[in-house]
Amino acid sequence: MTRYVLGRLFAAIPTIFLIVTISFFLIRIAPGGPFDLERPLEAKVMENLNKIYHLDKSLWEQYLLYLSSIAQLDFGPSFYFRDFSINELFARSLPISIQLGLSALALALVVGGALGVAAALRQNKPADYSIMAAATLGVTIPNFVIAPILTLLLGVWLGWLPVGGWGDGAFLNKILPVVTLALPQVAVVARLTRGSMIEALRSNHVRTARAYGLTSYLVVVVHALRGAILPVVSYLGPAAAALLTGSVVIETIFGIPGIGRYFVQGALNRDYTLVMGTVVVVACFVIIFNLVVDLLYALLDPRVRYD
Amino acid sequence: MSDITQEIGAAPERGRSLWDDARDRLLANKAAVGSMIVLAVITFLSVVGPMLSPHEFDTVYRDYVRVPASLEAYPRAEQVQPAFEKLAQRARFNIGSYERNGDVVVVKVSSRRAINPKSTRYFDRSDIFKNAQLLDMSDDKKSATLQADINYLHFYFGTDANGRDMMTRTFIAGRVSLTIGLLATAVAIFIGVLYGATSGYLGGRIDQMMMRVVDILYSLPFIFFVIMLVVFFGRNFVLMFIAVGAVEWLDMARIVRGQTLTIKRQEYVQAAEAMGVSDGGIVRRHIIPNTLGPVVVYMTLLVPKVILLESFLSFLGLGVQEPMTSWGVLISEGARNLQGAAWMLIFPSIFLTSTLFALNFIGDGLRDALDPKDR
């Protein structure tokens with residue numbers, strides 16, 4: 001088990017190296033630089049700035065410098081937020097994004113799972129149809145349409161919730177972004193759970209459990225759900241990627257100082273280190289999350305072993 | 001010999017191909033047929049709508065900024081007189097008597113100085129009046145009768161914050177969104193099918209290596225790459241769909257590879273091999289055509305994904321640039337003006353969502369039709 005985990009983490013190193021290399025050269029061959037203002041800076045100032053940020057060295061040297069600093073987990077100074085290093089920016093923004101993403105994921109799993117099970121238990125009845133219709137709606141309506149509508153409804157007209165900002169993580173501030181971020185995933189999870197639950201309810205071991213006269217709670221939750229949850233677990237990887245994507249929009253709409261918003265700002269301002277840092281961090285998250293998903297899978301399904 | 005051929009020719013009993021069966025199954029699926037009709041209507045509106053619409057998509061109507069969607073024509077009855085008075089003030093006219101006969105406004109105007117006959121253009125230039133004429137000019141040229149037709153315009157979807165017709169803009173946006181959807185999907189399918197078929201057919205080491213590349217690419221945060229590409233290389237229409245297409249080919253490659261692995265064991269492929277057909281020829285002639293079923297299904301599911309991705313980029317301000325527009329751009333403008341101008345969000349959203357809906361249903365229907373054992 002430990003060996004498997006270590007092996008996977010070791011195998012991730014070339015991937016991350018590749019990501020760093022691709023994004024580094026992609027950014028650098030693009031026209032424009034971080035200090036290209038509308039009114040050009042004085043030549044001397046420009047020269048000093050370039051020297052501080054090592055932009056006067058050759059591209060190859062810069063690349064090696066960046067690699068060595070990233071190996072020490074130092075993402076370098078920000079080009080745009082002049083007084084901050086990327087590590088400082090991430091120290092503030094990453095917890096917010098993680099909190100947002102994990103809350104949305106948890107909400108999606110709980111609500112989506114419950115809806116899916118409820119629909120499966122009432123297969124081809126009105127409740128099933130209405131849940132599935134709502135789920136299809138949830139998948140097709142993009143969250144940048146839902147977000148302003150919810151904001152207007154709950155924030156402006158009813159005045160129950162604040163319309164934006166993070167408010168240092170106040171509970172009321174979190175509700176709207178988390179719900180909007182979770183909604184499409186709720187829909188997907190509900191659809192997945194319904195499908196696999198219907199199959200699980202028809203399977204032999206569940207019929208046996210019923211024949212033993214177990215309570216319906218035991219049958220559904222203990223015996224059927226354990227098998228039915230597997231496709232949902234394997235969806236967690238893509239879900240995490242979707243949440244990362246969604247968080248860019250959600251953080252922009254609600255003005256949340258998370259990593260997604262920093263990324264867009266950084267890209268627009270040619271903040272090389274910020275963009276690179278975000279890409280690397282996000283890639284690490286995706287890799288780690290995929291590993292966790294695989295381990296979770298082995299935990300739930302005794303047929304899967306990593307030895 | 002000729003008798004036999006004649007006999008066969010006389011009995012035109014045509015066999016039913018698998019495609020015929022699939023088509024019949026698809027046509028029996030009500031949701032899919034309904035979706036096809038919806039999609040056809042939206043496509044038709046997007047292609048032909050802007051030509052039929054009385055407004056250009058980038059014409060600015062300064063007098064009609066953010067007017068609500070309505071079936072009635074603008075200007076409203078109560079708008080005409082204040083608008084006229086305002087224009088008269090600009091033309092330095094004093095209004096004697098204001099009279100309105102149906103669609104024509106007849107006003108006696110006077111001025112302290114001689115009336116310049118060209119001052120009718122103040123009225124012609126506004127969006128509310130047209131064909132302004134000065135009649136019965138008095139001898140001292142200080143009073144006259146001004147007659148102007150009311151210029152009725154329809155804004156069925158309202159206008160945006162710059163006073164442009166939302167209906168035409170929604171149709172034009174549909175053109176852009178659907179085009180990007182189709183082109184990017186074509187790029188993705190092209191790369192994916194070629195890559196997957198090659199990898200699956202060649203097999204062995206090469207297959208392993210090619211799939212390993214796909215695995216690595218899977219773990220890249222692709223949205224971030226697309227954003228990076230678009231930001232750093234300018235907001236270029238062509239670049240955008242190439243970027244999106246280049247991102248979305250991975251699933252396609254996997255699906256086609258899986259199909260290829262089963263197809264290459266078939267007798268007809270072995271026969272072709274035995275006859276000495278080149279690898280490229282086998283892939284092109286025998287393998288790719290037989291992977292088409294899943295490819296078509298995946299395509300209908302990919303188009304909405306791409307449209308959504310384009311809207312997402314446009315929403316962040318990284319997509320199509322003004323005055324061109326796409327559903328994503330319109331929605332992001334609508335979201336900003338939601339309070340007080342809800343129609344700016346509602347109409348593009350309806351078009352986008354019903355397109356996505358329709359494509360999803362068609363995709364599901366196609367999957368059921370082409371893969372009956374799955375039901």
# chains A, B, ... in the order shown; residues from 1 in each chain; ligands from 1
>>> interface_residues(of="chain A", to="chain B", cutoff="6 Å", atoms="only C-alpha atoms", output="ChimeraX atom specification")
/A:30,140-141,148,283
>>> write_last_selection(atoms="N, CA and C atoms", output="PDB file, in the first residue's frame")
ATOM      1  N   ALA A  30       5.129  34.040 -25.820  1.00  0.00           N
ATOM      2  CA  ALA A  30       4.023  34.956 -26.139  1.00  0.00           C
ATOM      3  C   ALA A  30       4.535  36.389 -26.155  1.00  0.00           C
ATOM      4  N   THR A 140     -27.253  21.330 -17.828  1.00  0.00           N
ATOM      5  CA  THR A 140     -27.176  22.158 -19.031  1.00  0.00           C
ATOM      6  C   THR A 140     -27.110  23.658 -18.748  1.00  0.00           C
ATOM      7  N   ILE A 141     -27.669  24.116 -17.624  1.00  0.00           N
ATOM      8  CA  ILE A 141     -27.590  25.564 -17.389  1.00  0.00           C
ATOM      9  C   ILE A 141     -26.228  25.885 -16.799  1.00  0.00           C
ATOM     10  N   PRO A 148     -25.774  34.839 -11.333  1.00  0.00           N
ATOM     11  CA  PRO A 148     -26.435  36.145 -11.231  1.00  0.00           C
ATOM     12  C   PRO A 148     -27.909  36.045 -10.861  1.00  0.00           C
ATOM     13  N   ALA A 283      -2.198  21.571 -10.898  1.00  0.00           N
ATOM     14  CA  ALA A 283      -1.836  20.251 -11.405  1.00  0.00           C
ATOM     15  C   ALA A 283      -1.537  19.296 -10.252  1.00  0.00           C
TER      16      ALA A 283
END
>>> select_by_dssp(residues="region 37-184 of chain A", states="alpha helix (DSSP H)", output="PyMOL selection string")
chain A and resi 43-52+59-71+86-121+126-140+143-150+171-184
>>> residues_around(residues="Leu94 (chain A)", least_positions_apart="3", cutoff="10 Å", atoms="only C-alpha atoms", output="ChimeraX atom specification")
/A:87-91,97-100,257-260,278,281
>>> residues_around(residues="region 50-65 of chain A", least_positions_apart="2", cutoff="9 Å", atoms="only C-alpha atoms", output="list of chain:residue names")
A:Thr21, A:Phe24, A:Phe25, A:Arg28, A:Phe35, A:Val45, A:Met46, A:Glu47, A:Asn48, A:Leu67, A:Ser68, A:Ser69, A:Ile70, A:Pro77, A:Phe79
>>> write_last_selection(atoms="N, CA and C atoms", output="compact mmCIF listing (two decimals), in the first residue's frame")
# COMPACT_ATOMS: atom_id res chain seq x y z
N THR A 21 7.55 22.80 -17.66
CA THR A 21 8.28 23.14 -18.88
C THR A 21 7.34 23.73 -19.93
N PHE A 24 6.04 27.15 -18.89
CA PHE A 24 7.10 28.16 -18.85
C PHE A 24 7.37 28.70 -20.25
N PHE A 25 7.59 27.79 -21.19
CA PHE A 25 7.96 28.27 -22.53
C PHE A 25 6.77 28.84 -23.28
N ARG A 28 6.56 32.38 -22.18
CA ARG A 28 7.65 33.24 -22.60
C ARG A 28 7.68 33.52 -24.09
N PHE A 35 6.10 44.25 -17.74
CA PHE A 35 6.33 45.67 -17.48
C PHE A 35 5.99 46.54 -18.69
N VAL A 45 15.11 52.40 -15.44
CA VAL A 45 14.19 51.71 -14.53
C VAL A 45 13.92 50.31 -15.05
N MET A 46 13.66 50.27 -16.35
CA MET A 46 13.35 48.99 -16.99
C MET A 46 14.51 48.02 -16.81
N GLU A 47 15.70 48.55 -17.00
CA GLU A 47 16.89 47.71 -16.90
C GLU A 47 17.02 47.14 -15.49
N ASN A 48 16.79 48.00 -14.49
CA ASN A 48 16.89 47.54 -13.11
C ASN A 48 15.82 46.51 -12.79
N LEU A 67 13.34 26.35 -12.27
CA LEU A 67 13.27 24.94 -11.86
C LEU A 67 13.88 24.75 -10.48
N SER A 68 15.05 25.38 -10.27
CA SER A 68 15.71 25.16 -8.99
C SER A 68 14.93 25.81 -7.86
N SER A 69 14.31 26.95 -8.13
CA SER A 69 13.55 27.57 -7.05
C SER A 69 12.27 26.79 -6.76
N ILE A 70 11.68 26.22 -7.81
CA ILE A 70 10.45 25.47 -7.59
C ILE A 70 10.74 24.17 -6.86
N PRO A 77 8.92 35.82 -6.70
CA PRO A 77 8.16 37.04 -6.41
C PRO A 77 7.09 37.28 -7.48
N PHE A 79 5.07 39.44 -10.17
CA PHE A 79 5.44 40.57 -11.03
C PHE A 79 4.45 41.71 -10.90
>>> closest_residue(among="B:Ala341, B:Val109, B:Val214, B:Ile95", to="Arg66 (chain B)", atoms="only C-alpha atoms")
B:Ala341
>>> residues_around(residues="Phe241 (chain B)", least_positions_apart="4", cutoff="12 Å", atoms="only C-alpha atoms", output="count of residues only")
32
>>> atom_distance(atom1="CA of Ile191 (chain B)", atom2="CA of Gly204 (chain B)")
20.6 Å
>>> closest_residue(among="A:Val279, A:Leu225, A:Leu291, A:Tyr217", to="Glu199 (chain A)", atoms="only C-alpha atoms")
A:Leu225
>>> closest_residue(among="B:Met51, B:Val297, B:Val41, B:Leu134", to="Arg169 (chain B)", atoms="only C-alpha atoms")
B:Met51
>>> residues_around(residues="Asn131 (chain B)", least_positions_apart="4", cutoff="7 Å", atoms="only C-alpha atoms", output="PDB file with C-alpha atoms, in the first residue's frame")
ATOM      1  CA  ASP B 124     -34.267  62.816 -39.022  1.00  0.00           C
ATOM      2  CA  ALA B 148     -42.528  64.358 -39.337  1.00  0.00           C
ATOM      3  CA  ASP B 149     -43.408  60.687 -39.563  1.00  0.00           C
TER       4      ASP B 149
END
>>> residues_around(residues="Gly96 (chain B)", least_positions_apart="2", cutoff="8 Å", atoms="only C-alpha atoms", output="ChimeraX atom specification")
/B:94,98,107-110
>>> closest_residue(among="B:Gln266, B:Asn101, B:Ser46, B:Asn151", to="His286 (chain B)", atoms="only C-alpha atoms")
B:Gln266
>>> atom_distance(atom1="CA of Ile131 (chain A)", atom2="CA of Val232 (chain A)")
17.4 Å
>>> decode(residues="region 27-143 of chain A", atoms="C-alpha atoms", output="mmCIF file, in the first residue's frame")
data_model
loop_
_atom_site.group_PDB
_atom_site.id
_atom_site.type_symbol
_atom_site.label_atom_id
_atom_site.label_comp_id
_atom_site.auth_asym_id
_atom_site.auth_seq_id
_atom_site.Cartn_x
_atom_site.Cartn_y
_atom_site.Cartn_z
ATOM 1 C CA ILE A 27 4.247 32.025 -21.523
ATOM 2 C CA ARG A 28 7.649 33.236 -22.596
ATOM 3 C CA ILE A 29 7.210 32.895 -26.345
ATOM 4 C CA ALA A 30 4.023 34.956 -26.139
ATOM 5 C CA PRO A 31 4.384 38.610 -27.081
ATOM 6 C CA GLY A 32 4.298 41.250 -24.370
ATOM 7 C CA GLY A 33 5.895 41.389 -20.964
ATOM 8 C CA PRO A 34 4.916 42.157 -17.388
ATOM 9 C CA PHE A 35 6.326 45.674 -17.485
ATOM 10 C CA ASP A 36 4.841 46.764 -20.810
ATOM 11 C CA LEU A 37 2.772 49.710 -19.680
ATOM 12 C CA GLU A 38 0.946 52.163 -21.887
ATOM 13 C CA ARG A 39 3.596 54.723 -21.120
ATOM 14 C CA PRO A 40 6.926 52.937 -21.347
ATOM 15 C CA LEU A 41 9.125 53.031 -18.283
ATOM 16 C CA GLU A 42 12.430 54.814 -18.377
ATOM 17 C CA ALA A 43 15.215 52.753 -19.847
ATOM 18 C CA LYS A 44 17.214 52.701 -16.635
ATOM 19 C CA VAL A 45 14.193 51.712 -14.532
ATOM 20 C CA MET A 46 13.353 48.992 -16.993
ATOM 21 C CA GLU A 47 16.889 47.708 -16.899
ATOM 22 C CA ASN A 48 16.888 47.544 -13.112
ATOM 23 C CA LEU A 49 13.510 45.846 -13.023
ATOM 24 C CA ASN A 50 14.687 43.264 -15.531
ATOM 25 C CA LYS A 51 17.778 42.671 -13.440
ATOM 26 C CA ILE A 52 15.782 42.156 -10.239
ATOM 27 C CA TYR A 53 13.448 39.692 -11.881
ATOM 28 C CA HIS A 54 16.244 37.972 -13.833
ATOM 29 C CA LEU A 55 14.589 38.910 -17.108
ATOM 30 C CA ASP A 56 17.931 40.079 -18.511
ATOM 31 C CA LYS A 57 19.309 36.538 -18.469
ATOM 32 C CA SER A 58 18.814 34.160 -21.348
ATOM 33 C CA LEU A 59 15.604 32.149 -21.465
ATOM 34 C CA TRP A 60 17.494 28.970 -20.758
ATOM 35 C CA GLU A 61 19.106 30.376 -17.611
ATOM 36 C CA GLN A 62 15.744 31.709 -16.448
ATOM 37 C CA TYR A 63 14.234 28.276 -16.928
ATOM 38 C CA LEU A 64 16.940 26.594 -14.853
ATOM 39 C CA LEU A 65 16.603 29.267 -12.171
ATOM 40 C CA TYR A 66 12.875 28.711 -12.032
ATOM 41 C CA LEU A 67 13.267 24.942 -11.859
ATOM 42 C CA SER A 68 15.715 25.164 -8.987
ATOM 43 C CA SER A 69 13.554 27.574 -7.048
ATOM 44 C CA ILE A 70 10.446 25.473 -7.587
ATOM 45 C CA ALA A 71 12.318 22.416 -6.350
ATOM 46 C CA GLN A 72 12.655 24.303 -3.073
ATOM 47 C CA LEU A 73 8.910 25.072 -3.178
ATOM 48 C CA ASP A 74 9.610 28.736 -3.780
ATOM 49 C CA PHE A 75 7.385 30.153 -6.504
ATOM 50 C CA GLY A 76 9.286 33.422 -6.700
ATOM 51 C CA PRO A 77 8.158 37.038 -6.412
ATOM 52 C CA SER A 78 4.965 38.262 -8.055
ATOM 53 C CA PHE A 79 5.440 40.568 -11.028
ATOM 54 C CA TYR A 80 2.162 42.381 -10.596
ATOM 55 C CA PHE A 81 1.493 42.404 -6.856
ATOM 56 C CA ARG A 82 4.884 43.979 -6.342
ATOM 57 C CA ASP A 83 5.236 43.612 -2.583
ATOM 58 C CA PHE A 84 4.177 39.977 -2.395
ATOM 59 C CA SER A 85 5.816 36.707 -3.201
ATOM 60 C CA ILE A 86 3.675 34.042 -4.839
ATOM 61 C CA ASN A 87 3.962 31.923 -1.714
ATOM 62 C CA GLU A 88 2.433 34.726 0.344
ATOM 63 C CA LEU A 89 -0.384 35.165 -2.149
ATOM 64 C CA PHE A 90 -1.096 31.441 -2.136
ATOM 65 C CA ALA A 91 -0.941 31.253 1.643
ATOM 66 C CA ARG A 92 -3.887 33.612 1.691
ATOM 67 C CA SER A 93 -5.848 32.499 -1.358
ATOM 68 C CA LEU A 94 -5.357 28.737 -1.394
ATOM 69 C CA PRO A 95 -7.185 27.998 1.898
ATOM 70 C CA ILE A 96 -10.152 29.980 0.613
ATOM 71 C CA SER A 97 -10.263 28.072 -2.669
ATOM 72 C CA ILE A 98 -9.835 24.718 -0.932
ATOM 73 C CA GLN A 99 -12.597 25.529 1.500
ATOM 74 C CA LEU A 100 -14.866 26.598 -1.324
ATOM 75 C CA GLY A 101 -14.090 23.544 -3.430
ATOM 76 C CA LEU A 102 -14.368 20.994 -0.641
ATOM 77 C CA SER A 103 -17.631 22.446 0.666
ATOM 78 C CA ALA A 104 -19.067 22.336 -2.845
ATOM 79 C CA LEU A 105 -17.836 18.769 -3.322
ATOM 80 C CA ALA A 106 -19.320 17.647 -0.015
ATOM 81 C CA LEU A 107 -22.605 19.352 -0.807
ATOM 82 C CA ALA A 108 -22.678 17.771 -4.250
ATOM 83 C CA LEU A 109 -22.031 14.296 -2.835
ATOM 84 C CA VAL A 110 -24.579 14.518 -0.022
ATOM 85 C CA VAL A 111 -27.382 16.231 -1.907
ATOM 86 C CA GLY A 112 -26.696 14.556 -5.246
ATOM 87 C CA GLY A 113 -26.348 11.145 -3.641
ATOM 88 C CA ALA A 114 -29.542 11.538 -1.632
ATOM 89 C CA LEU A 115 -31.485 12.712 -4.685
ATOM 90 C CA GLY A 116 -30.092 9.877 -6.785
ATOM 91 C CA VAL A 117 -31.030 7.239 -4.207
ATOM 92 C CA ALA A 118 -34.473 8.760 -3.784
ATOM 93 C CA ALA A 119 -35.002 8.696 -7.550
ATOM 94 C CA ALA A 120 -33.773 5.117 -7.836
ATOM 95 C CA LEU A 121 -36.108 3.917 -5.086
ATOM 96 C CA ARG A 122 -39.039 5.477 -6.934
ATOM 97 C CA GLN A 123 -37.963 4.465 -10.419
ATOM 98 C CA ASN A 124 -40.316 5.607 -13.220
ATOM 99 C CA LYS A 125 -42.588 7.426 -10.819
ATOM 100 C CA PRO A 126 -43.290 11.174 -10.819
ATOM 101 C CA ALA A 127 -40.682 11.823 -8.125
ATOM 102 C CA ASP A 128 -38.049 10.070 -10.243
ATOM 103 C CA TYR A 129 -38.982 11.994 -13.355
ATOM 104 C CA SER A 130 -38.967 15.348 -11.622
ATOM 105 C CA ILE A 131 -35.594 14.724 -9.990
ATOM 106 C CA MET A 132 -34.099 13.639 -13.313
ATOM 107 C CA ALA A 133 -35.608 16.622 -15.138
ATOM 108 C CA ALA A 134 -34.105 18.929 -12.526
ATOM 109 C CA ALA A 135 -30.768 17.133 -12.899
ATOM 110 C CA THR A 136 -30.760 17.560 -16.682
ATOM 111 C CA LEU A 137 -31.528 21.228 -16.157
ATOM 112 C CA GLY A 138 -28.679 21.463 -13.675
ATOM 113 C CA VAL A 139 -26.224 19.933 -16.123
ATOM 114 C CA THR A 140 -27.176 22.158 -19.031
ATOM 115 C CA ILE A 141 -27.590 25.564 -17.389
ATOM 116 C CA PRO A 142 -24.096 26.999 -16.992
ATOM 117 C CA ASN A 143 -23.226 28.296 -13.554
#
